[in-house]
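Shown here: coords_34.txt, compact mmCIF, C-alpha atoms and all ligand atoms.
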```txt
# COMPACT_ATOMS: atom_id res chain seq x y z
CA MET A 1 -1.45 -12.55 -17.62
CA THR A 2 -3.85 -15.46 -17.81
CA GLN A 3 -6.93 -15.64 -20.00
CA PRO A 4 -10.18 -15.86 -18.02
CA SER A 5 -11.28 -19.41 -17.37
CA SER A 6 -14.93 -20.36 -17.68
CA LYS A 7 -15.42 -19.43 -14.02
CA ALA A 8 -13.07 -16.58 -13.13
CA LEU A 9 -12.74 -16.13 -9.38
CA VAL A 10 -10.89 -13.23 -7.81
CA PRO A 11 -8.43 -13.88 -4.97
CA PHE A 12 -9.28 -11.72 -1.96
CA VAL A 13 -6.82 -11.07 0.89
CA SER A 14 -8.70 -10.12 4.06
CA VAL A 15 -7.21 -8.21 6.99
CA ASP A 16 -7.01 -11.52 8.82
CA ASN A 17 -5.09 -13.19 6.00
CA MET A 18 -2.81 -10.15 5.58
CA MET A 19 -1.89 -10.42 9.28
CA ARG A 20 -1.11 -14.14 8.81
CA LEU A 21 0.93 -13.38 5.68
CA ILE A 22 3.00 -10.75 7.57
CA HIS A 23 3.90 -13.37 10.21
CA HIS A 24 4.56 -16.00 7.56
CA LEU A 25 6.93 -13.80 5.55
CA GLY A 26 8.43 -11.89 8.50
CA ILE A 27 7.78 -8.15 8.68
CA GLU A 28 11.36 -7.00 8.06
CA ASP A 29 11.79 -9.31 5.04
CA MET A 30 8.45 -8.11 3.76
CA LEU A 31 9.50 -4.45 4.09
CA ARG A 32 12.76 -5.17 2.22
CA ASP A 33 10.94 -7.06 -0.55
CA LEU A 34 8.32 -4.34 -0.88
CA ALA A 35 11.10 -1.74 -1.19
CA SER A 36 12.60 -3.85 -4.04
CA TYR A 37 9.26 -3.99 -5.87
CA ILE A 38 8.78 -0.21 -5.43
CA GLU A 39 12.35 0.43 -6.57
CA ALA A 40 11.84 -1.72 -9.68
CA ASP A 41 8.64 0.15 -10.60
CA PHE A 42 10.14 3.62 -9.99
CA LYS A 43 12.99 2.62 -12.31
CA ARG A 44 10.43 2.15 -15.10
CA TRP A 45 8.49 5.30 -14.11
CA GLU A 46 8.04 6.60 -17.67
CA LEU A 47 6.02 3.51 -18.61
CA PHE A 48 3.21 4.22 -16.16
CA ASP A 49 -0.05 6.12 -16.59
CA LYS A 50 0.15 8.86 -13.98
CA THR A 51 -2.45 11.19 -12.53
CA PRO A 52 -2.80 13.01 -9.20
CA ARG A 53 -5.15 11.02 -6.99
CA VAL A 54 -8.84 11.86 -7.19
CA ALA A 55 -9.73 13.38 -3.83
CA SER A 56 -13.11 14.10 -2.28
CA HIS A 57 -12.68 16.41 0.71
CA SER A 58 -15.05 17.04 3.59
CA ASP A 59 -14.71 19.09 6.77
CA VAL A 60 -13.51 16.00 8.65
CA GLY A 61 -11.36 14.15 6.15
CA VAL A 62 -10.69 13.01 2.63
CA ILE A 63 -11.58 9.96 0.50
CA GLU A 64 -9.29 9.23 -2.42
CA LEU A 65 -8.86 6.94 -5.43
CA MET A 66 -5.31 6.25 -6.62
CA PRO A 67 -5.12 4.59 -10.06
CA THR A 68 -2.20 3.69 -12.32
CA SER A 69 -1.20 1.18 -15.00
CA ASP A 70 2.01 -0.11 -16.56
CA GLY A 71 0.18 -1.25 -19.69
CA GLU A 72 -0.07 -4.88 -18.55
CA ALA A 73 -1.69 -4.51 -15.15
CA TYR A 74 -3.96 -1.80 -13.77
CA GLY A 75 -4.25 -1.02 -10.06
CA PHE A 76 -6.14 1.33 -7.83
CA LYS A 77 -6.45 1.97 -4.11
CA TYR A 78 -9.38 3.39 -2.21
CA VAL A 79 -8.07 5.23 0.88
CA ASN A 80 -9.36 7.70 3.43
CA GLY A 81 -7.70 10.15 5.81
CA HIS A 82 -9.81 11.13 8.84
CA PRO A 83 -7.71 12.47 11.77
CA LYS A 84 -10.78 12.69 14.04
CA ASN A 85 -11.50 8.96 13.63
CA THR A 86 -9.14 7.77 16.37
CA SER A 87 -11.21 9.65 19.00
CA GLU A 88 -14.18 7.53 17.82
CA GLY A 89 -12.23 4.27 17.97
CA LEU A 90 -11.70 4.17 14.20
CA GLN A 91 -8.56 4.26 12.02
CA THR A 92 -7.34 7.58 10.56
CA VAL A 93 -6.36 5.72 7.38
CA THR A 94 -8.10 2.62 5.97
CA ALA A 95 -7.76 1.23 2.48
CA PHE A 96 -8.40 -1.57 0.01
CA GLY A 97 -7.10 -2.09 -3.49
CA LEU A 98 -7.53 -3.97 -6.71
CA LEU A 99 -5.22 -5.22 -9.46
CA ALA A 100 -6.59 -6.02 -12.92
CA ASP A 101 -5.36 -7.52 -16.17
CA VAL A 102 -5.24 -4.81 -18.86
CA TYR A 103 -5.76 -7.40 -21.65
CA THR A 104 -9.12 -8.67 -20.36
CA GLY A 105 -9.99 -5.89 -17.90
CA TYR A 106 -10.72 -8.63 -15.36
CA PRO A 107 -9.65 -8.12 -11.71
CA VAL A 108 -6.91 -10.53 -10.59
CA LEU A 109 -6.62 -9.45 -6.94
CA LEU A 110 -8.70 -7.65 -4.34
CA THR A 111 -7.01 -6.96 -1.02
CA GLU A 112 -7.20 -5.07 2.21
CA MET A 113 -4.70 -2.22 2.04
CA THR A 114 -4.78 -0.63 5.50
CA LEU A 115 -1.87 -2.79 6.66
CA LEU A 116 -0.40 -2.85 3.17
CA THR A 117 -0.39 0.97 3.03
CA ALA A 118 1.50 1.17 6.32
CA LEU A 119 4.02 -1.34 4.95
CA ARG A 120 4.45 0.27 1.52
CA THR A 121 4.70 3.79 2.98
CA ALA A 122 7.40 2.61 5.37
CA ALA A 123 9.24 0.72 2.60
CA THR A 124 9.14 3.84 0.40
CA SER A 125 10.44 6.05 3.25
CA ALA A 126 13.37 3.70 3.86
CA LEU A 127 14.12 3.25 0.15
CA VAL A 128 14.35 7.05 -0.23
CA ALA A 129 16.33 7.42 3.02
CA LYS A 130 18.86 4.92 1.64
CA HIS A 131 19.72 7.54 -1.00
CA LEU A 132 19.37 10.64 1.18
CA ALA A 133 20.22 9.95 4.82
CA PRO A 134 23.77 10.87 5.84
CA LYS A 135 26.24 7.98 5.74
CA GLY A 136 26.11 5.90 8.92
CA ALA A 137 22.76 7.35 10.06
CA ASP A 138 21.57 5.11 12.88
CA THR A 139 19.25 7.27 14.99
CA MET A 140 15.79 8.50 14.05
CA ALA A 141 13.38 10.88 15.75
CA MET A 142 9.84 9.57 15.22
CA ILE A 143 7.38 12.44 15.75
CA GLY A 144 3.81 11.17 15.68
CA ASN A 145 3.52 7.69 17.23
CA GLY A 146 0.24 6.55 15.68
CA ALA A 147 -0.64 3.70 13.33
CA GLN A 148 2.24 4.23 10.85
CA SER A 149 5.02 4.74 13.39
CA GLU A 150 6.20 1.17 14.17
CA PHE A 151 6.19 0.28 10.45
CA GLN A 152 8.26 3.40 9.64
CA THR A 153 10.76 2.51 12.35
CA LEU A 154 11.10 -1.15 11.37
CA ALA A 155 11.60 -0.30 7.69
CA MET A 156 14.45 2.04 8.63
CA LYS A 157 15.93 -0.80 10.71
CA ALA A 158 15.52 -3.45 7.99
CA ILE A 159 16.72 -1.33 5.06
CA LEU A 160 19.09 1.25 6.63
CA GLY A 161 20.34 -0.50 9.75
CA LEU A 162 18.70 1.95 12.17
CA LYS A 163 19.77 1.25 15.75
CA SER A 164 17.92 3.85 17.86
CA VAL A 165 14.56 5.57 17.71
CA ARG A 166 13.48 8.58 19.78
CA LEU A 167 9.71 8.80 20.10
CA TYR A 168 7.51 11.85 20.60
CA ASP A 169 3.75 12.31 20.28
CA LYS A 170 1.58 15.05 21.73
CA ASP A 171 -0.41 12.19 23.26
CA PRO A 172 1.90 10.26 25.69
CA ALA A 173 -0.39 7.21 25.38
CA ALA A 174 0.58 6.92 21.68
CA THR A 175 4.28 7.06 22.59
CA ALA A 176 3.81 4.40 25.29
CA LYS A 177 2.00 2.15 22.78
CA CYS A 178 4.73 2.58 20.16
CA ALA A 179 7.53 1.96 22.68
CA GLN A 180 5.80 -1.19 23.90
CA ASN A 181 5.28 -2.51 20.35
CA LEU A 182 8.94 -1.90 19.46
CA ALA A 183 10.32 -3.46 22.66
CA GLY A 184 12.40 -6.56 22.06
CA LEU A 185 12.76 -5.95 18.31
CA GLY A 186 16.46 -5.05 18.46
CA LEU A 187 16.25 -1.25 18.72
CA ASN A 188 17.14 1.25 21.45
CA VAL A 189 13.82 2.98 22.08
CA THR A 190 13.66 6.31 23.96
CA LYS A 191 10.42 8.02 24.96
CA CYS A 192 10.72 11.81 24.78
CA ASN A 193 8.60 14.58 26.28
CA THR A 194 9.13 17.23 23.61
CA PRO A 195 9.92 17.25 19.87
CA GLU A 196 13.16 19.10 20.73
CA GLU A 197 14.22 16.19 22.97
CA ALA A 198 13.26 13.66 20.27
CA ILE A 199 15.52 15.20 17.60
CA GLU A 200 18.62 15.27 19.85
CA GLY A 201 21.38 13.29 18.10
CA ALA A 202 19.03 12.04 15.35
CA GLN A 203 20.24 12.09 11.73
CA ILE A 204 16.77 11.16 10.39
CA LEU A 205 13.70 13.15 11.45
CA THR A 206 10.39 11.50 10.60
CA THR A 207 7.20 13.52 10.99
CA CYS A 208 4.09 11.38 10.90
CA THR A 209 1.30 13.31 12.60
CA ALA A 210 -2.36 13.54 11.70
CA ASP A 211 -4.10 16.87 12.15
CA LYS A 212 -6.20 18.59 9.50
CA GLN A 213 -4.41 21.93 9.77
CA CYS A 214 -1.11 23.69 9.12
CA ALA A 215 0.88 22.92 12.27
CA THR A 216 4.56 23.46 12.93
CA ILE A 217 5.96 20.11 13.97
CA LEU A 218 9.49 21.13 12.99
CA SER A 219 10.38 24.82 13.23
CA ASP A 220 13.34 26.28 11.37
CA ASN A 221 15.65 26.47 14.41
CA MET A 222 15.04 22.79 15.27
CA VAL A 223 16.60 21.51 12.05
CA GLY A 224 20.39 21.42 12.03
CA SER A 225 22.60 20.87 8.98
CA GLY A 226 23.14 17.38 7.58
CA VAL A 227 19.85 15.76 8.62
CA HIS A 228 17.38 13.88 6.44
CA ILE A 229 13.72 14.73 7.04
CA ASN A 230 11.17 12.05 6.17
CA ALA A 231 7.90 14.01 6.21
CA ILE A 232 5.08 11.54 5.65
CA GLY A 233 2.22 13.24 7.47
CA GLY A 234 1.22 15.64 4.68
CA GLY A 235 -1.09 14.44 2.00
CA CYS A 236 -3.86 16.99 2.20
CA PRO A 237 -4.41 20.58 1.08
CA GLY A 238 -4.33 22.82 4.17
CA LYS A 239 -2.28 20.29 6.15
CA THR A 240 1.45 20.77 6.65
CA GLY A 241 3.93 20.13 9.44
CA LEU A 242 7.14 21.94 8.52
CA ALA A 243 7.99 25.63 8.79
CA PRO A 244 8.59 27.21 5.34
CA GLY A 245 12.14 28.12 6.46
CA VAL A 246 12.97 24.41 6.66
CA LEU A 247 11.83 23.92 3.06
CA GLU A 248 13.93 26.87 1.89
CA ARG A 249 17.08 25.39 3.44
CA ALA A 250 16.46 21.83 2.26
CA GLU A 251 16.86 19.97 -1.03
CA VAL A 252 13.30 18.68 -1.50
CA PHE A 253 12.49 15.28 -3.05
CA VAL A 254 8.93 14.35 -4.09
CA GLU A 255 7.03 11.49 -5.69
CA TYR A 256 4.91 13.19 -8.36
CA PRO A 257 5.01 17.02 -8.45
CA PRO A 258 1.44 17.62 -9.77
CA GLN A 259 0.12 15.79 -6.68
CA THR A 260 2.69 16.97 -4.12
CA ARG A 261 2.38 20.65 -5.03
CA VAL A 262 -1.30 20.45 -3.99
CA GLU A 263 -0.99 18.12 -0.99
CA GLY A 264 2.57 18.09 0.32
CA GLU A 265 4.68 20.34 2.51
CA ILE A 266 5.60 22.31 -0.64
CA GLN A 267 1.99 23.56 -0.97
CA GLN A 268 3.33 26.43 1.20
CA MET A 269 5.91 27.36 -1.44
CA PRO A 270 5.65 29.16 -4.83
CA GLU A 271 4.47 26.98 -7.75
CA ASP A 272 7.92 26.92 -9.34
CA PHE A 273 9.71 25.86 -6.12
CA ALA A 274 12.53 23.50 -7.22
CA VAL A 275 12.11 19.82 -6.37
CA THR A 276 13.72 16.55 -7.47
CA GLU A 277 11.49 13.58 -8.35
CA ILE A 278 12.55 10.47 -6.43
CA TRP A 279 12.26 8.23 -9.53
CA GLU A 280 15.07 10.23 -11.16
CA MET A 281 17.28 9.60 -8.13
CA ILE A 282 16.28 5.91 -7.89
CA ALA A 283 16.97 5.43 -11.62
CA GLY A 284 20.40 7.05 -11.19
CA ARG A 285 19.62 10.11 -13.32
CA LYS A 286 19.89 12.62 -10.45
CA THR A 287 22.09 12.74 -7.39
CA GLY A 288 20.67 12.05 -3.93
CA ARG A 289 22.65 13.46 -1.00
CA ARG A 290 25.61 15.49 -2.24
CA ASP A 291 27.44 16.28 1.01
CA ARG A 292 27.30 15.85 4.78
CA SER A 293 25.97 19.33 5.56
CA GLN A 294 23.03 19.27 3.14
CA ILE A 295 19.51 19.06 4.58
CA THR A 296 17.45 16.61 2.51
CA LEU A 297 13.68 16.35 2.74
CA PHE A 298 11.38 13.65 1.39
CA ASP A 299 8.00 15.38 1.10
CA SER A 300 6.02 12.12 0.98
CA VAL A 301 2.31 12.11 0.22
CA GLY A 302 2.01 8.56 -1.16
CA PHE A 303 1.70 7.85 -4.89
CA ALA A 304 -0.33 5.27 -6.83
CA ILE A 305 2.75 3.45 -8.18
CA GLU A 306 3.75 2.50 -4.60
CA ASP A 307 0.34 0.84 -4.21
CA PHE A 308 0.68 -0.83 -7.60
CA SER A 309 4.03 -2.31 -6.51
CA ALA A 310 2.45 -3.52 -3.26
CA LEU A 311 -0.44 -5.12 -5.17
CA ARG A 312 2.02 -6.88 -7.51
CA TYR A 313 3.96 -8.09 -4.50
CA ILE A 314 0.89 -9.55 -2.78
CA ARG A 315 -0.29 -11.19 -6.03
CA ASP A 316 3.12 -12.90 -6.33
CA ARG A 317 3.31 -13.93 -2.66
CA ILE A 318 -0.12 -15.53 -2.27
CA LYS A 319 0.30 -17.92 -5.21
CA ASP A 320 0.00 -21.53 -4.00
CA THR A 321 -0.85 -20.45 -0.43
CA ASP A 322 -4.03 -20.33 1.61
CA TYR A 323 -3.66 -16.63 2.47
CA PHE A 324 -6.67 -15.70 0.34
CA VAL A 325 -10.21 -16.75 -0.49
CA ASP A 326 -11.74 -16.77 -3.96
CA LEU A 327 -14.50 -14.24 -4.59
CA ASP A 328 -17.29 -14.75 -7.07
CA MET A 329 -17.15 -11.19 -8.47
CA LEU A 330 -17.40 -11.81 -12.20
CA ALA A 331 -20.39 -12.86 -14.23
CA ASP A 332 -19.74 -15.95 -16.39
CA PRO A 333 -22.65 -16.55 -18.78
CA ASP A 334 -22.25 -19.65 -21.00
CA ASP A 335 -22.65 -17.30 -23.97
CA PRO A 336 -20.94 -13.97 -23.09
CA ARG A 337 -23.86 -12.05 -24.61
CA ASP A 338 -26.48 -14.01 -22.71
CA LEU A 339 -26.16 -12.23 -19.36
CA PHE A 340 -29.92 -12.37 -18.92
CA GLY A 341 -29.91 -16.11 -19.52
CA MET A 342 -27.26 -16.58 -16.82
CA VAL A 343 -29.70 -15.18 -14.23
CA GLN A 344 -31.95 -18.19 -14.86
CA ARG A 345 -29.29 -20.44 -13.21
CA ALA A 346 -30.44 -19.11 -9.85
CA LYS A 347 -34.16 -19.62 -10.55
CA PRO A 348 -35.78 -21.20 -7.49
P1 LIG B 401 -2.74 8.23 13.54
O1 LIG B 401 -3.94 9.07 13.76
O2 LIG B 401 -2.80 6.78 13.90
O3 LIG B 401 -1.48 8.85 14.31
C1 LIG B 401 -1.17 10.22 14.24
C2 LIG B 401 -0.49 10.62 15.54
O4 LIG B 401 -0.07 12.00 15.41
C3 LIG B 401 -1.41 10.56 16.76
O5 LIG B 401 -0.88 9.71 17.73
C4 LIG B 401 -1.46 12.03 17.24
O6 LIG B 401 -1.55 12.14 18.64
C5 LIG B 401 -0.17 12.58 16.69
N1 LIG B 401 -0.10 14.04 16.56
C6 LIG B 401 -1.03 14.87 15.99
N2 LIG B 401 -0.59 16.15 16.06
C7 LIG B 401 0.64 16.11 16.64
C8 LIG B 401 1.60 17.10 16.97
N3 LIG B 401 1.37 18.39 16.71
N4 LIG B 401 2.77 16.71 17.56
C9 LIG B 401 2.98 15.39 17.83
N5 LIG B 401 2.12 14.41 17.54
C10 LIG B 401 0.95 14.76 16.96
O7 LIG B 401 -2.37 8.40 11.99
P2 LIG B 401 -1.40 7.51 11.08
O8 LIG B 401 -2.16 6.43 10.40
O9 LIG B 401 -0.17 7.18 11.84
O10 LIG B 401 -1.05 8.58 9.96
C11 LIG B 401 -0.23 9.69 10.26
C12 LIG B 401 -0.18 10.60 9.05
O11 LIG B 401 0.49 9.93 7.97
C13 LIG B 401 -1.56 10.98 8.51
O12 LIG B 401 -1.58 12.36 8.22
C14 LIG B 401 -1.69 10.20 7.23
O13 LIG B 401 -2.48 10.84 6.27
C15 LIG B 401 -0.24 10.14 6.79
N6 LIG B 401 0.05 9.03 5.88
C16 LIG B 401 0.85 9.29 4.82
C17 LIG B 401 1.15 8.28 3.95
C18 LIG B 401 2.07 8.56 2.80
O14 LIG B 401 2.13 7.77 1.86
N7 LIG B 401 2.83 9.62 2.84
C19 LIG B 401 0.61 6.99 4.12
C20 LIG B 401 -0.18 6.75 5.24
C21 LIG B 401 -0.46 7.79 6.12
```
Is it possible to give me this structure as structure tokens?
Ligand code: NAD
Amino acid sequence: MTQPSSKALVPFVSVDNMMRLIHHLGIEDMLRDLASYIEADFKRWELFDKTPRVASHSDVGVIELMPTSDGEAYGFKYVNGHPKNTSEGLQTVTAFGLLADVYTGYPVLLTEMTLLTALRTAATSALVAKHLAPKGADTMAMIGNGAQSEFQTLAMKAILGLKSVRLYDKDPAATAKCAQNLAGLGLNVTKCNTPEEAIEGAQILTTCTADKQCATILSDNMVGSGVHINAIGGGCPGKTGLAPGVLERAEVFVEYPPQTRVEGEIQQMPEDFAVTEIWEMIAGRKTGRRDRSQITLFDSVGFAIEDFSALRYIRDRIKDTDYFVDLDMLADPDDPRDLFGMVQRAKP
């Protein structure tokens, strides 16, 4: 990375600029490219510093920091999860993130990550489904039609060739919103009144609900053989959506076991419950789906390396564009040790 110039400014991508960038790049191309960046980083998994995210829980939600480094760059994301927020007109999940140069320690990018999280989570789901969904899977049940749902659906379309989506949410207004947003984007969209109706004929079952409790979104008798479950709504101790019987029948794939055992669907299972890490599958060291009858489950909670890949991607894409503004975040005294003297520049 570059050495700091005399006046180091930090590129900042606002929500407004991220929205413009999504239109400029095209959302499906962006999801495919993000999946490639995530795939490349998971292939070099062993290189990264890894730690479960640092979580601060309250009665109403959680605030988390998600750091990692590949030795050259360092990234972190600040993210919250507050299911009650939507009833107050606020997002359940909002985030921002930073990428820094390990050599100087200087930040090289600050960006909104609420949209970027939805994109990278969807790209990760589809990347994993590429290895695990049954061959020819073209129909997905999307249970939970909130902020993540359209992104999840479009990533499955862009990366897997999904043709149909069957929507269910306990709030019909969320389903109506999702159906309207997906209209005209080249998918057959069906609004369903029950989760049972939503999973009819679907080979991929995505659960993406927000509720700070152990709910049963998918019960054991709802899950037939051969399906792939993409469970992305976990991510919190005391919050699960699948019946334990489903986990017992499935081959479970996770991002980073020390984090998923605390936060994921597998928090319901014994500590030594067998799981496969997705990086091993992505790097070709472990098999994904073995046969047509197997139930596969991606117990997704979101891991720091996915955010790191997304930060790298945005850093690369905004070069020579106007999709960012420069922030004056770094002190630049003429003599590095004369920080006090630098203050005198602003003397009235
Ligand atoms: P959101 O609040 O916008 O949407 C959640 C939807 O779930 C709402 O429409 C709600 O009505 C619905 N819902 C709640 N309980 C339900 C039930 N029992 N049956 C059907 N629908 C139900 O939230 P969001 O931003 O879409 O996030 C959804 C979940 O995904 C959250 O738990 C969030 O933490 C998680 N998430 C995970 C990752 C990851 O990397 N795995 C990333 C982002 C978000």
Write out as a Markdown table the residues of chain A that have any atom within 6 Å of an atom of ligand LIG 401 (chain B), one row each with the nearest atom pair and its distance in Å to one decimal, counting only C-alpha atoms and all ligand atoms, sorted by chain and then rising number.
```
| residue | atom | partner | partner_atom | distance |
| --- | --- | --- | --- | --- |
| A:Gly81 | CA | B:LIG401 | O13 | 5.3 |
| A:Pro83 | CA | B:LIG401 | O1 | 5.5 |
| A:Thr86 | CA | B:LIG401 | O1 | 6.0 |
| A:Thr92 | CA | B:LIG401 | O1 | 4.9 |
| A:Val93 | CA | B:LIG401 | O8 | 5.2 |
| A:Ala118 | CA | B:LIG401 | C20 | 5.9 |
| A:Thr121 | CA | B:LIG401 | O14 | 4.9 |
| A:Ile143 | CA | B:LIG401 | C9 | 5.7 |
| A:Gly144 | CA | B:LIG401 | O4 | 4.0 |
| A:Asn145 | CA | B:LIG401 | O5 | 4.9 |
| A:Gly146 | CA | B:LIG401 | O3 | 3.2 |
| A:Ala147 | CA | B:LIG401 | O2 | 3.8 |
| A:Gln148 | CA | B:LIG401 | O9 | 3.9 |
| A:Ser149 | CA | B:LIG401 | O9 | 5.9 |
| A:Asp169 | CA | B:LIG401 | N5 | 3.8 |
| A:Lys170 | CA | B:LIG401 | C9 | 4.2 |
| A:Asp171 | CA | B:LIG401 | O6 | 4.8 |
| A:Ala174 | CA | B:LIG401 | O5 | 5.1 |
| A:Cys208 | CA | B:LIG401 | C11 | 4.7 |
| A:Thr209 | CA | B:LIG401 | O4 | 3.4 |
| A:Ala210 | CA | B:LIG401 | O12 | 3.8 |
| A:Asp211 | CA | B:LIG401 | N2 | 5.3 |
| A:Ile217 | CA | B:LIG401 | N3 | 5.6 |
| A:Ile232 | CA | B:LIG401 | N7 | 4.1 |
| A:Gly233 | CA | B:LIG401 | O11 | 3.8 |
| A:Gly234 | CA | B:LIG401 | O12 | 5.6 |
| A:Gly235 | CA | B:LIG401 | O13 | 5.8 |
| A:Ser300 | CA | B:LIG401 | N7 | 4.5 |
| A:Val301 | CA | B:LIG401 | N7 | 3.7 |
| A:Gly302 | CA | B:LIG401 | O14 | 3.1 |
```
Rounded to one decimal place, report the atom CA of Leu167 of chain A-atom CA of Arg292 of chain A distance in Å.
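Distance reported for this atom pair: 24.4 Å.
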How far is it from atom CA of Leu162 of chain A to atom CA of Gly186 of chain A, in Å with one decimal?
9.7 Å
Residues at most 8 Å from Asp328 of chain A, counting all atoms listed in the file, excluding those fewer than 5 positions away in the same chain, as a PyMOL selection string?
chain A and resi 8-10
Determine the nearest neighbour of Ala250 of chain A from the options A:Met329, A:Pro172, A:Cys236, A:Leu132, counting all atoms listed in the file.
A:Leu132
Might you pull out every residue within 10 Å of Leu297 of chain A, with only C-alpha atoms counted and same-chain residues fewer than 2 positions away left off, and present them as a tab-separated table (two decimals) with C-alpha atoms, in the coordinates of the input?
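Contents of the output file selection.tsv:
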```tsv
chain	number	residue	atom	x	y	z
A	128	VAL	CA	14.35	7.05	-0.23
A	129	ALA	CA	16.33	7.42	3.02
A	132	LEU	CA	19.37	10.64	1.18
A	133	ALA	CA	20.22	9.95	4.82
A	204	ILE	CA	16.77	11.16	10.39
A	205	LEU	CA	13.70	13.15	11.45
A	206	THR	CA	10.39	11.50	10.60
A	227	VAL	CA	19.85	15.76	8.62
A	228	HIS	CA	17.38	13.88	6.44
A	229	ILE	CA	13.72	14.73	7.04
A	230	ASN	CA	11.17	12.05	6.17
A	231	ALA	CA	7.90	14.01	6.21
A	246	VAL	CA	12.97	24.41	6.66
A	247	LEU	CA	11.83	23.92	3.06
A	249	ARG	CA	17.08	25.39	3.44
A	250	ALA	CA	16.46	21.83	2.26
A	251	GLU	CA	16.86	19.97	-1.03
A	252	VAL	CA	13.30	18.68	-1.50
A	253	PHE	CA	12.49	15.28	-3.05
A	254	VAL	CA	8.93	14.35	-4.09
A	265	GLU	CA	4.68	20.34	2.51
A	275	VAL	CA	12.11	19.82	-6.37
A	294	GLN	CA	23.03	19.27	3.14
A	295	ILE	CA	19.51	19.06	4.58
A	299	ASP	CA	8.00	15.38	1.10
A	300	SER	CA	6.02	12.12	0.98
```
Distance in Å - atom CA of Ser58 of chain A versus atom CA of Val262 of chain A:
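Here the two named atoms are 16.1 Å from each other.
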